[in-house]
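Asker: For reference, the structure I am asking about is given below.
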Amino acid sequence: MLGSPVSHSLSPVLHRAGFAALGLTDWCYDAIDCDDVALPGFVGGLGQEWAGLSVTMPGKRAALEFADTATGTALAVGAANTLVQVSPGRWLADCTDVAGVVGALRDSGFTTGSRGVVLGAGGTASAAVAALAALGLTEVDLVVRSPSRAAGAVACASRVGVSASPVAVADLATACAKADVVVSTVPAGAADTFAADIAACHHVLDVVYHPWPTPLARAVMQRGGRLATGLDMLLHQALDQFEHFTGRPAPVEAMRAAIAR
């Protein structure tokens with residue numbers, strides 16, 4: 001796992017549990033502090049024994065730019081959280097964050113709808129837009145403090161065939177009340193003031209998993225809504241990564257139990 005900071009990451013817990021469950025005793029997975037500037041030099045110097053890398057902030061766009069080839073998903077999102085060494089010195093980029101959002105929402109009972117709301121405008125917001133498109137939604141409101149910050153997510157929406165419009169924070173309550181699903185990609189604390197407004201939507205994914213429960217999570221549960229969590233998303237994006245790295249089906253329940261512990 002490459003990122004900065006990265007010591008808080010639970011990804012090593014997930015992947016190590018998967019290795020143990022499949023008896024892959026000669027595999028290892030570690031967290032390495034590496035930012036976007038250092039990423040090309042670090043990855044470019046790795047040997048053939050490296051199967052792949054998870055990438056978290058701030059290196060997701062740098063990972064996509066570094067890779068020799070990329071999946072359609074990564075290109076649509078404009079960022080990559082996964083690098084796979086497909087041949088010596090050649091790297092494939094993917095964005096399994098999309099599978100993470102889809103899996104988390106499906107686990108919580110969401111199937112499909114027509115209109116969604118995404119809070120935030122970073123790389124995870126773009127992945128959320130792509131995920132909502134994969135679930136069949138056709139319209140997404142992007143709640144941002146400044147419309148200019150939504151440019152990346154709007155571009156992603158265009159690439160995946162979704163109509164996306166920036167929405168001011170002042171209009172958040174109205175947008176959430178008429179949405180089929182809301183995905184909050186903002187950092188811990190940023191959605192607290194608006195928790196009750198967001199919970200007007202029956203189905204919510206809050207990507208924050210620490211501290212838990214968040215005020216948003218509590219508001220959704222108090223209203224009897226369906227809640228998908230950041231841990232659900234982390235699990236599902238890791239399942240796809242694990243299969244990229246090992247070529248083996250991921251041991252879902254072993255990895256789910258590890259992250260729950």
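Here, A, B, ... name the chains of the structure tokens in the order displayed, residue numbers run from 1 inside each chain, and ligands are numbered from 1 in the same displayed order.
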Against range 73-83 of chain A, which residues of range 128-220 of chain A fall within 8 Å? For each one I want the closest pair of atoms and the distance in Å (one decimal), counting only C-alpha atoms, rows by chain and increasing residue number, as a tab-separated table.
Answerer:
residue	atom	partner	partner_atom	distance
A:Ala130	CA	A:Val77	CA	6.8
A:Gly152	CA	A:Gly78	CA	7.8
A:Ala153	CA	A:Val77	CA	7.8
A:Cys156	CA	A:Val77	CA	5.4
A:Arg159	CA	A:Ala76	CA	5.7
A:Val160	CA	A:Ala76	CA	6.7
Asker: Which residues are close to Thr138 in chain A, i.e. within 8 Å by only C-alpha atoms, leaving aside same-chain residues fewer than 2 positions away? Reply as a PyMOL selection string.
Answerer: chain A and resi 114-115+133+136+140+161-163
Asker: At a cut-off of 9 Å, using only C-alpha atoms, what residues contact Gly103 in chain A? Leave out same-chain residues fewer than 4 positions from it and give the result as a VMD selection string.
Answerer: chain A and resid 98 to 99 107 to 108 232 to 233 235 to 237
Asker: Any idea what's packed within 12 Å of Ala258 in chain A, counting only C-alpha atoms, ignoring anything in its chain fewer than 2 positions away? Could you give it as a PDB file with all heavy atoms, in the first residue's frame?
Answerer:
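This went into around32.pdb:
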ATOM      1  N   LEU A  10      -6.117   0.069   6.911  1.00  0.00           N
ATOM      2  CA  LEU A  10      -6.518  -1.293   7.271  1.00  0.00           C
ATOM      3  C   LEU A  10      -6.320  -2.278   6.117  1.00  0.00           C
ATOM      4  O   LEU A  10      -6.619  -3.459   6.263  1.00  0.00           O
ATOM      5  CB  LEU A  10      -7.988  -1.307   7.703  1.00  0.00           C
ATOM      6  CG  LEU A  10      -8.305  -0.585   9.011  1.00  0.00           C
ATOM      7  CD1 LEU A  10      -9.804  -0.639   9.299  1.00  0.00           C
ATOM      8  CD2 LEU A  10      -7.524  -1.193  10.166  1.00  0.00           C
ATOM      9  N   SER A  11      -5.824  -1.802   4.997  1.00  0.00           N
ATOM     10  CA  SER A  11      -5.615  -2.703   3.858  1.00  0.00           C
ATOM     11  C   SER A  11      -4.678  -3.871   4.182  1.00  0.00           C
ATOM     12  O   SER A  11      -4.919  -4.994   3.734  1.00  0.00           O
ATOM     13  CB  SER A  11      -5.097  -1.920   2.649  1.00  0.00           C
ATOM     14  OG  SER A  11      -6.110  -1.093   2.132  1.00  0.00           O
ATOM     15  N   PRO A  12      -3.580  -3.655   4.943  1.00  0.00           N
ATOM     16  CA  PRO A  12      -2.752  -4.815   5.292  1.00  0.00           C
ATOM     17  C   PRO A  12      -3.527  -5.901   6.035  1.00  0.00           C
ATOM     18  O   PRO A  12      -3.288  -7.100   5.821  1.00  0.00           O
ATOM     19  CB  PRO A  12      -1.655  -4.198   6.179  1.00  0.00           C
ATOM     20  CG  PRO A  12      -1.525  -2.796   5.673  1.00  0.00           C
ATOM     21  CD  PRO A  12      -2.934  -2.378   5.366  1.00  0.00           C
ATOM     22  N   VAL A  13      -4.465  -5.496   6.893  1.00  0.00           N
ATOM     23  CA  VAL A  13      -5.284  -6.477   7.609  1.00  0.00           C
ATOM     24  C   VAL A  13      -6.059  -7.344   6.622  1.00  0.00           C
ATOM     25  O   VAL A  13      -6.111  -8.578   6.744  1.00  0.00           O
ATOM     26  CB  VAL A  13      -6.261  -5.757   8.567  1.00  0.00           C
ATOM     27  CG1 VAL A  13      -7.264  -6.741   9.168  1.00  0.00           C
ATOM     28  CG2 VAL A  13      -5.497  -5.035   9.663  1.00  0.00           C
ATOM     29  N   LEU A  14      -6.658  -6.712   5.642  1.00  0.00           N
ATOM     30  CA  LEU A  14      -7.465  -7.431   4.655  1.00  0.00           C
ATOM     31  C   LEU A  14      -6.626  -8.383   3.814  1.00  0.00           C
ATOM     32  O   LEU A  14      -6.947  -9.574   3.688  1.00  0.00           O
ATOM     33  CB  LEU A  14      -8.164  -6.422   3.740  1.00  0.00           C
ATOM     34  CG  LEU A  14      -9.389  -5.726   4.306  1.00  0.00           C
ATOM     35  CD1 LEU A  14      -9.715  -4.473   3.501  1.00  0.00           C
ATOM     36  CD2 LEU A  14     -10.572  -6.669   4.310  1.00  0.00           C
ATOM     37  N   HIS A  15      -5.568  -7.876   3.222  1.00  0.00           N
ATOM     38  CA  HIS A  15      -4.788  -8.707   2.303  1.00  0.00           C
ATOM     39  C   HIS A  15      -4.030  -9.820   3.028  1.00  0.00           C
ATOM     40  O   HIS A  15      -3.954 -10.956   2.529  1.00  0.00           O
ATOM     41  CB  HIS A  15      -3.837  -7.827   1.493  1.00  0.00           C
ATOM     42  CG  HIS A  15      -4.552  -7.008   0.458  1.00  0.00           C
ATOM     43  ND1 HIS A  15      -4.819  -7.467  -0.807  1.00  0.00           N
ATOM     44  CD2 HIS A  15      -5.082  -5.753   0.517  1.00  0.00           C
ATOM     45  CE1 HIS A  15      -5.469  -6.543  -1.496  1.00  0.00           C
ATOM     46  NE2 HIS A  15      -5.636  -5.485  -0.715  1.00  0.00           N
ATOM     47  N   ARG A  16      -3.500  -9.526   4.191  1.00  0.00           N
ATOM     48  CA  ARG A  16      -2.812 -10.580   4.945  1.00  0.00           C
ATOM     49  C   ARG A  16      -3.774 -11.682   5.351  1.00  0.00           C
ATOM     50  O   ARG A  16      -3.416 -12.868   5.339  1.00  0.00           O
ATOM     51  CB  ARG A  16      -2.131  -9.977   6.173  1.00  0.00           C
ATOM     52  CG  ARG A  16      -0.931  -9.088   5.841  1.00  0.00           C
ATOM     53  CD  ARG A  16      -0.483  -8.311   7.061  1.00  0.00           C
ATOM     54  NE  ARG A  16       0.615  -7.384   6.760  1.00  0.00           N
ATOM     55  CZ  ARG A  16       1.049  -6.443   7.582  1.00  0.00           C
ATOM     56  NH1 ARG A  16       0.479  -6.294   8.792  1.00  0.00           N
ATOM     57  NH2 ARG A  16       2.034  -5.643   7.235  1.00  0.00           N
ATOM     58  N   ALA A  17      -5.000 -11.315   5.695  1.00  0.00           N
ATOM     59  CA  ALA A  17      -6.003 -12.336   6.039  1.00  0.00           C
ATOM     60  C   ALA A  17      -6.316 -13.203   4.829  1.00  0.00           C
ATOM     61  O   ALA A  17      -6.497 -14.422   4.948  1.00  0.00           O
ATOM     62  CB  ALA A  17      -7.273 -11.667   6.556  1.00  0.00           C
ATOM     63  N   GLY A  18      -6.374 -12.576   3.660  1.00  0.00           N
ATOM     64  CA  GLY A  18      -6.609 -13.343   2.447  1.00  0.00           C
ATOM     65  C   GLY A  18      -5.474 -14.299   2.142  1.00  0.00           C
ATOM     66  O   GLY A  18      -5.696 -15.469   1.789  1.00  0.00           O
ATOM     67  N   PHE A  19      -4.229 -13.829   2.293  1.00  0.00           N
ATOM     68  CA  PHE A  19      -3.077 -14.713   2.075  1.00  0.00           C
ATOM     69  C   PHE A  19      -3.120 -15.901   3.026  1.00  0.00           C
ATOM     70  O   PHE A  19      -2.895 -17.053   2.631  1.00  0.00           O
ATOM     71  CB  PHE A  19      -1.773 -13.939   2.286  1.00  0.00           C
ATOM     72  CG  PHE A  19      -1.548 -12.790   1.346  1.00  0.00           C
ATOM     73  CD1 PHE A  19      -0.699 -11.750   1.705  1.00  0.00           C
ATOM     74  CD2 PHE A  19      -2.149 -12.739   0.096  1.00  0.00           C
ATOM     75  CE1 PHE A  19      -0.469 -10.681   0.848  1.00  0.00           C
ATOM     76  CE2 PHE A  19      -1.938 -11.669  -0.769  1.00  0.00           C
ATOM     77  CZ  PHE A  19      -1.093 -10.638  -0.381  1.00  0.00           C
ATOM     78  N   ALA A  20      -3.403 -15.623   4.296  1.00  0.00           N
ATOM     79  CA  ALA A  20      -3.423 -16.692   5.304  1.00  0.00           C
ATOM     80  C   ALA A  20      -4.510 -17.712   4.983  1.00  0.00           C
ATOM     81  O   ALA A  20      -4.291 -18.935   5.107  1.00  0.00           O
ATOM     82  CB  ALA A  20      -3.647 -16.091   6.694  1.00  0.00           C
ATOM     83  N   ALA A  21      -5.677 -17.231   4.571  1.00  0.00           N
ATOM     84  CA  ALA A  21      -6.797 -18.139   4.296  1.00  0.00           C
ATOM     85  C   ALA A  21      -6.496 -19.073   3.130  1.00  0.00           C
ATOM     86  O   ALA A  21      -6.972 -20.218   3.105  1.00  0.00           O
ATOM     87  CB  ALA A  21      -8.057 -17.328   4.019  1.00  0.00           C
ATOM     88  N   LEU A 231     -16.222   0.697   5.757  1.00  0.00           N
ATOM     89  CA  LEU A 231     -15.579  -0.618   5.878  1.00  0.00           C
ATOM     90  C   LEU A 231     -16.092  -1.564   4.801  1.00  0.00           C
ATOM     91  O   LEU A 231     -15.333  -2.379   4.266  1.00  0.00           O
ATOM     92  CB  LEU A 231     -15.822  -1.213   7.265  1.00  0.00           C
ATOM     93  CG  LEU A 231     -14.987  -0.643   8.404  1.00  0.00           C
ATOM     94  CD1 LEU A 231     -15.312  -1.369   9.708  1.00  0.00           C
ATOM     95  CD2 LEU A 231     -13.493  -0.739   8.115  1.00  0.00           C
ATOM     96  N   LEU A 235     -13.628  -3.251   2.054  1.00  0.00           N
ATOM     97  CA  LEU A 235     -13.602  -4.690   1.805  1.00  0.00           C
ATOM     98  C   LEU A 235     -13.757  -4.990   0.318  1.00  0.00           C
ATOM     99  O   LEU A 235     -12.952  -5.722  -0.265  1.00  0.00           O
ATOM    100  CB  LEU A 235     -14.716  -5.385   2.593  1.00  0.00           C
ATOM    101  CG  LEU A 235     -14.970  -6.848   2.228  1.00  0.00           C
ATOM    102  CD1 LEU A 235     -13.784  -7.725   2.615  1.00  0.00           C
ATOM    103  CD2 LEU A 235     -16.256  -7.360   2.875  1.00  0.00           C
ATOM    104  N   PRO A 251     -10.870 -14.865  -0.677  1.00  0.00           N
ATOM    105  CA  PRO A 251     -11.638 -15.526   0.390  1.00  0.00           C
ATOM    106  C   PRO A 251     -12.479 -14.481   1.132  1.00  0.00           C
ATOM    107  O   PRO A 251     -12.052 -13.904   2.131  1.00  0.00           O
ATOM    108  CB  PRO A 251     -10.552 -16.130   1.277  1.00  0.00           C
ATOM    109  CG  PRO A 251      -9.364 -15.235   1.080  1.00  0.00           C
ATOM    110  CD  PRO A 251      -9.445 -14.732  -0.329  1.00  0.00           C
ATOM    111  N   VAL A 252     -13.654 -14.236   0.636  1.00  0.00           N
ATOM    112  CA  VAL A 252     -14.468 -13.102   1.070  1.00  0.00           C
ATOM    113  C   VAL A 252     -14.729 -13.118   2.569  1.00  0.00           C
ATOM    114  O   VAL A 252     -14.512 -12.123   3.260  1.00  0.00           O
ATOM    115  CB  VAL A 252     -15.816 -13.076   0.306  1.00  0.00           C
ATOM    116  CG1 VAL A 252     -16.662 -11.893   0.784  1.00  0.00           C
ATOM    117  CG2 VAL A 252     -15.570 -13.009  -1.192  1.00  0.00           C
ATOM    118  N   GLU A 253     -15.183 -14.248   3.083  1.00  0.00           N
ATOM    119  CA  GLU A 253     -15.584 -14.290   4.498  1.00  0.00           C
ATOM    120  C   GLU A 253     -14.394 -14.151   5.428  1.00  0.00           C
ATOM    121  O   GLU A 253     -14.496 -13.520   6.493  1.00  0.00           O
ATOM    122  CB  GLU A 253     -16.381 -15.565   4.794  1.00  0.00           C
ATOM    123  CG  GLU A 253     -17.715 -15.621   4.051  1.00  0.00           C
ATOM    124  CD  GLU A 253     -18.516 -14.321   4.199  1.00  0.00           C
ATOM    125  OE1 GLU A 253     -18.598 -13.761   5.316  1.00  0.00           O
ATOM    126  OE2 GLU A 253     -19.059 -13.848   3.180  1.00  0.00           O
ATOM    127  N   ALA A 254     -13.257 -14.691   5.056  1.00  0.00           N
ATOM    128  CA  ALA A 254     -12.061 -14.544   5.899  1.00  0.00           C
ATOM    129  C   ALA A 254     -11.633 -13.088   5.945  1.00  0.00           C
ATOM    130  O   ALA A 254     -11.249 -12.570   7.003  1.00  0.00           O
ATOM    131  CB  ALA A 254     -10.937 -15.412   5.349  1.00  0.00           C
ATOM    132  N   MET A 255     -11.691 -12.409   4.815  1.00  0.00           N
ATOM    133  CA  MET A 255     -11.296 -11.011   4.778  1.00  0.00           C
ATOM    134  C   MET A 255     -12.336 -10.125   5.474  1.00  0.00           C
ATOM    135  O   MET A 255     -11.982  -9.184   6.192  1.00  0.00           O
ATOM    136  CB  MET A 255     -11.077 -10.574   3.318  1.00  0.00           C
ATOM    137  CG  MET A 255      -9.875 -11.269   2.679  1.00  0.00           C
ATOM    138  SD  MET A 255      -9.689 -10.991   0.893  1.00  0.00           S
ATOM    139  CE  MET A 255      -9.139  -9.291   0.837  1.00  0.00           C
ATOM    140  N   ARG A 256     -13.611 -10.476   5.327  1.00  0.00           N
ATOM    141  CA  ARG A 256     -14.663  -9.727   6.009  1.00  0.00           C
ATOM    142  C   ARG A 256     -14.517  -9.867   7.538  1.00  0.00           C
ATOM    143  O   ARG A 256     -14.644  -8.898   8.287  1.00  0.00           O
ATOM    144  CB  ARG A 256     -16.042 -10.231   5.581  1.00  0.00           C
ATOM    145  CG  ARG A 256     -17.195  -9.355   6.080  1.00  0.00           C
ATOM    146  CD  ARG A 256     -18.547 -10.024   5.844  1.00  0.00           C
ATOM    147  NE  ARG A 256     -18.775 -10.387   4.466  1.00  0.00           N
ATOM    148  CZ  ARG A 256     -19.279  -9.557   3.540  1.00  0.00           C
ATOM    149  NH1 ARG A 256     -19.564  -8.311   3.880  1.00  0.00           N
ATOM    150  NH2 ARG A 256     -19.482  -9.976   2.310  1.00  0.00           N
ATOM    151  N   ALA A 260     -13.711  -6.878  10.316  1.00  0.00           N
ATOM    152  CA  ALA A 260     -14.687  -6.676  11.389  1.00  0.00           C
ATOM    153  C   ALA A 260     -13.995  -6.696  12.757  1.00  0.00           C
ATOM    154  O   ALA A 260     -14.306  -5.894  13.639  1.00  0.00           O
ATOM    155  CB  ALA A 260     -15.766  -7.764  11.330  1.00  0.00           C
ATOM    156  N   ARG A 261     -13.038  -7.625  12.908  1.00  0.00           N
ATOM    157  CA  ARG A 261     -12.265  -7.678  14.166  1.00  0.00           C
ATOM    158  C   ARG A 261     -11.453  -6.404  14.361  1.00  0.00           C
ATOM    159  O   ARG A 261     -11.318  -5.893  15.466  1.00  0.00           O
ATOM    160  CB  ARG A 261     -11.330  -8.892  14.161  1.00  0.00           C
ATOM    161  CG  ARG A 261     -12.050 -10.213  14.340  1.00  0.00           C
ATOM    162  CD  ARG A 261     -11.056 -11.331  14.672  1.00  0.00           C
ATOM    163  NE  ARG A 261     -10.072 -11.522  13.601  1.00  0.00           N
ATOM    164  CZ  ARG A 261     -10.236 -12.347  12.582  1.00  0.00           C
ATOM    165  NH1 ARG A 261     -11.352 -13.017  12.460  1.00  0.00           N
ATOM    166  NH2 ARG A 261      -9.301 -12.491  11.671  1.00  0.00           N
TER     167      ARG A 261
END
Asker: Please provide as number ranges by chain all residues within 9 Å of Phe245 in chain A, with the sequence filter that same-chain residues fewer than 2 positions apart are discarded (counting only C-alpha atoms).
Answerer: A: 51-53, 83-85, 240-243, 247-248
Asker: Which residues come within 10 Å of Arg106 in chain A, counting only C-alpha atoms, excluding same-chain residues fewer than 6 positions away, as a ChimeraX atom specification?
Answerer: /A:100,112,135,228,232
Asker: Could you tell me how far CA of Ala175 in chain A lies from CA of Leu137 in chain A, in Å and to one decimal?
Answerer: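 Interatomic distance, CA of Ala175 in chain A to CA of Leu137 in chain A: 14.8 Å.
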